[in-house]
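See below for the structure under consideration.
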Amino acid sequence: MAGITLQQAEAQLAAYLAAESAVLSGQAYSIGGRSVTRADLAEIRAGLESWNSRVVQLSNRTQGRSRGRTVVPAR
């Protein structure tokens with residue numbers, strides 16, 4: 001099973017951005033004494049951070065810039 005591709009991560013990031021916009025345009029409302037809340041904005045923002053990190057990480061890999069470092073201890 002292959003890992004998540006850059007395109008999949010970008011699609012998820014776009015979905016979370018759309019969800020955030022939807023929540024910000026009307027997170028909760030009431031009609032006839034009943035209340036409806038669309039989603040938890042904090043959870044959406046946590047997902048945004050997670051998927052943004054994955055997109056950055058995968059983008060860096062495709063451009064040959066990984067975060068791997070070689071450490072040589074001083075003698």
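Chain labels follow the order of the structure tokens: the first chain is A, the next B, and so on; residue numbering restarts at 1 in every chain, and ligands are counted from 1 in their shown order.
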
- prompt: What are the DSSP alpha helix (DSSP H) residues of chain A, as number ranges by chain?
  reply: A: 6-24, 41-62

task: Identify, on the basis of only C-alpha atoms, every residue whose closest approach to Leu17 (chain A) does not exceed 12 Å; exclude the query and any residue fewer than 2 positions from it along the same chain; express the result as number ranges by chain.
output: A: 10-15, 19-24, 41, 44-49, 51-52

Selection: 12 Å around Thr62 (chain A), only C-alpha atoms, excl. self and same-chain fewer than 4 positions, as a PyMOL selection string: chain A and resi 5-7+55-58+66

With C-alpha atoms kept, could you save the residues just selected as a PDB file, in the first residue's frame?
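See again_22.pdb below for the written result:
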```pdb
ATOM      1  CA  THR A   5       0.733  11.438  -2.398  1.00  0.00           C
ATOM      2  CA  LEU A   6       1.262  15.177  -2.675  1.00  0.00           C
ATOM      3  CA  GLN A   7      -1.909  15.451  -4.763  1.00  0.00           C
ATOM      4  CA  VAL A  55       1.849  19.158   1.906  1.00  0.00           C
ATOM      5  CA  VAL A  56       5.024  21.040   2.851  1.00  0.00           C
ATOM      6  CA  GLN A  57       6.835  17.803   3.725  1.00  0.00           C
ATOM      7  CA  LEU A  58       5.797  16.052   0.513  1.00  0.00           C
ATOM      8  CA  SER A  66      14.223  16.604   2.895  1.00  0.00           C
TER       9      SER A  66
END
```

Those of chain A in DSSP strand (DSSP E or B), formatted as a ChimeraX atom specification: /A:28-31,34-37

Output C-alpha atoms of each residue in that selection to a file, as a PDB file, in the first residue's frame.
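After the write, part03.pdb holds the following:
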```
ATOM      1  CA  ALA A  28     -24.319  28.009  14.282  1.00  0.00           C
ATOM      2  CA  TYR A  29     -27.873  29.141  13.766  1.00  0.00           C
ATOM      3  CA  SER A  30     -31.314  28.730  15.321  1.00  0.00           C
ATOM      4  CA  ILE A  31     -34.670  28.152  13.679  1.00  0.00           C
ATOM      5  CA  ARG A  34     -33.787  24.567  17.571  1.00  0.00           C
ATOM      6  CA  SER A  35     -30.047  25.151  17.270  1.00  0.00           C
ATOM      7  CA  VAL A  36     -27.679  23.658  14.713  1.00  0.00           C
ATOM      8  CA  THR A  37     -23.882  23.806  14.828  1.00  0.00           C
TER       9      THR A  37
END
```

- prompt: Hey, can you check how far CA of Arg65 (chain A) sits from CA of Tyr16 (chain A)?
  reply: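 CA of Tyr16 (chain A) lies at a distance of 25.7 Å from CA of Arg65 (chain A).
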